[in-house]
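This report refers to the structure that appears directly beneath it.
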Amino acid sequence: MVDENTKDISVLLVDDERSQRLMGKMTLEDLGYQVDEAKDTEEALTLLSAKSYDLIILDTEMPGRRGYELCWDIKSSEQYSGIAVIGTSASFLARDKWFEPEDKNLHPDEFLMKLDLSESYIMEHVIDKLLAKYQ
């Protein structure tokens, strides 16, 4: 039986901090989204190659490649052109890293502070707005 609150929206949540992934996953699943999680960009790429996602939420600072570097790769790839990207950070100062490329097509679709990931009304509004743009 399918839960009436379940949305046919697949989200990949990428963060090296387990507590952040759990908090974000709980919020997103409570809103009805299907959520997979990855602890770094390498694991995210593995999941991306195996499954189609509607949205990726990326942390800024992680071991290895940074979230904004993966964002730039996703945004420059035809293969992933239909995926919305939200960049996140605990520090507002990190926001600038996401918007460094002059090519605005490489920028994330949205940037949120990590605290916003636990606010269901913010997440639902932002995600609905983004996904409408990609439909």
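By order of appearance in the structure tokens: chains A, B, ..., then residues from 1 within every chain, and ligands from 1 in the order shown.
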
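The residue set within 7 Å of stretch 103-117 of chain A, counting only C-alpha atoms and dropping same-chain residues fewer than 6 places from it, reads Gly24, Cys71, Trp72, Lys75, Ser76, Ala84, Val85, Ile86, Gly87, Thr88, Ser89, Ala90, Phe92 and Met123 of chain A.
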
- Residues near stretch 119-121 of chain A, cut-off 8 Å, only C-alpha atoms, skip fewer than 5 positions along chain, as a list in words: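 My list of contacting residues is Thr27, Leu28 and Leu31 of chain A.
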
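Atom CA of A:Ser91 is found 19.3 Å from atom CA of A:Val126.
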
- Query: If you run DSSP on the backbone, which residues of chain A are strand (DSSP E or B), as a PyMOL selection string?
  - Reply: chain A and resi 10-14+34-38+55-59+84-89+110-113

Any chance you could export the current selection's C-alpha atoms as an mmCIF file, in the first residue's frame?
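Output (selection10.cif):
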```cif
data_model
loop_
_atom_site.group_PDB
_atom_site.id
_atom_site.type_symbol
_atom_site.label_atom_id
_atom_site.label_comp_id
_atom_site.auth_asym_id
_atom_site.auth_seq_id
_atom_site.Cartn_x
_atom_site.Cartn_y
_atom_site.Cartn_z
ATOM 1 C CA SER A 10 13.558 11.272 -5.296
ATOM 2 C CA VAL A 11 16.098 13.267 -3.259
ATOM 3 C CA LEU A 12 19.803 12.605 -2.711
ATOM 4 C CA LEU A 13 21.076 14.171 0.516
ATOM 5 C CA VAL A 14 24.882 14.512 0.673
ATOM 6 C CA GLN A 34 11.928 9.497 -1.124
ATOM 7 C CA VAL A 35 15.419 10.087 0.290
ATOM 8 C CA ASP A 36 18.788 8.434 -0.237
ATOM 9 C CA GLU A 37 21.858 9.675 1.565
ATOM 10 C CA ALA A 38 25.581 9.836 0.849
ATOM 11 C CA LEU A 55 16.883 16.878 -6.380
ATOM 12 C CA ILE A 56 20.313 16.805 -4.763
ATOM 13 C CA ILE A 57 21.034 18.599 -1.511
ATOM 14 C CA LEU A 58 24.789 19.111 -1.067
ATOM 15 C CA ASP A 59 26.823 20.210 1.929
ATOM 16 C CA ALA A 84 17.715 20.538 -9.174
ATOM 17 C CA VAL A 85 20.566 21.311 -6.739
ATOM 18 C CA ILE A 86 20.408 22.932 -3.314
ATOM 19 C CA GLY A 87 23.696 23.933 -1.693
ATOM 20 C CA THR A 88 23.888 24.050 2.110
ATOM 21 C CA SER A 89 26.288 25.128 4.810
ATOM 22 C CA GLU A 110 19.069 27.460 -4.231
ATOM 23 C CA PHE A 111 21.282 27.917 -1.191
ATOM 24 C CA LEU A 112 20.014 27.193 2.322
ATOM 25 C CA MET A 113 21.554 27.291 5.735
#
```

- Message: as a list in words, please: every residue in stretch 83-130 of chain A that a backbone DSSP assignment puts in alpha helix (DSSP H).
- Response: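 Here is the list: Arg95, Asp96, Lys97, Trp98, Ser120, Tyr121, Ile122, Met123, Glu124, His125, Val126, Ile127, Asp128, Lys129 and Leu130 of chain A.
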
Create the file for the chosen residues now, containing C-alpha atoms and written as an mmCIF file, in the first residue's frame.
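Resulting contents of again-v5.cif:
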```
data_model
loop_
_atom_site.group_PDB
_atom_site.id
_atom_site.type_symbol
_atom_site.label_atom_id
_atom_site.label_comp_id
_atom_site.auth_asym_id
_atom_site.auth_seq_id
_atom_site.Cartn_x
_atom_site.Cartn_y
_atom_site.Cartn_z
ATOM 1 C CA ARG A 95 27.712 30.661 0.328
ATOM 2 C CA ASP A 96 30.096 32.647 -1.881
ATOM 3 C CA LYS A 97 31.990 29.493 -2.926
ATOM 4 C CA TRP A 98 28.880 28.137 -4.652
ATOM 5 C CA SER A 120 9.572 21.423 6.924
ATOM 6 C CA TYR A 121 7.607 24.467 5.733
ATOM 7 C CA ILE A 122 10.792 26.037 4.301
ATOM 8 C CA MET A 123 11.912 22.796 2.669
ATOM 9 C CA GLU A 124 8.543 22.047 1.119
ATOM 10 C CA HIS A 125 8.197 25.563 -0.293
ATOM 11 C CA VAL A 126 11.732 25.623 -1.731
ATOM 12 C CA ILE A 127 11.520 22.121 -3.186
ATOM 13 C CA ASP A 128 8.098 22.678 -4.755
ATOM 14 C CA LYS A 129 9.352 25.913 -6.335
ATOM 15 C CA LEU A 130 12.473 24.248 -7.711
#
```

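From atom CA of A:Asp15 back to atom CA of A:Asp40, the distance works out to 6.2 Å.
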
- Message: Can you pull out the residues contacting A:Gly64? Cut-off 12 Å, using only C-alpha atoms, and skip same-chain residues under 6 positions away; I want them as a ChimeraX atom specification.
- Response: /A:16,39-43,70
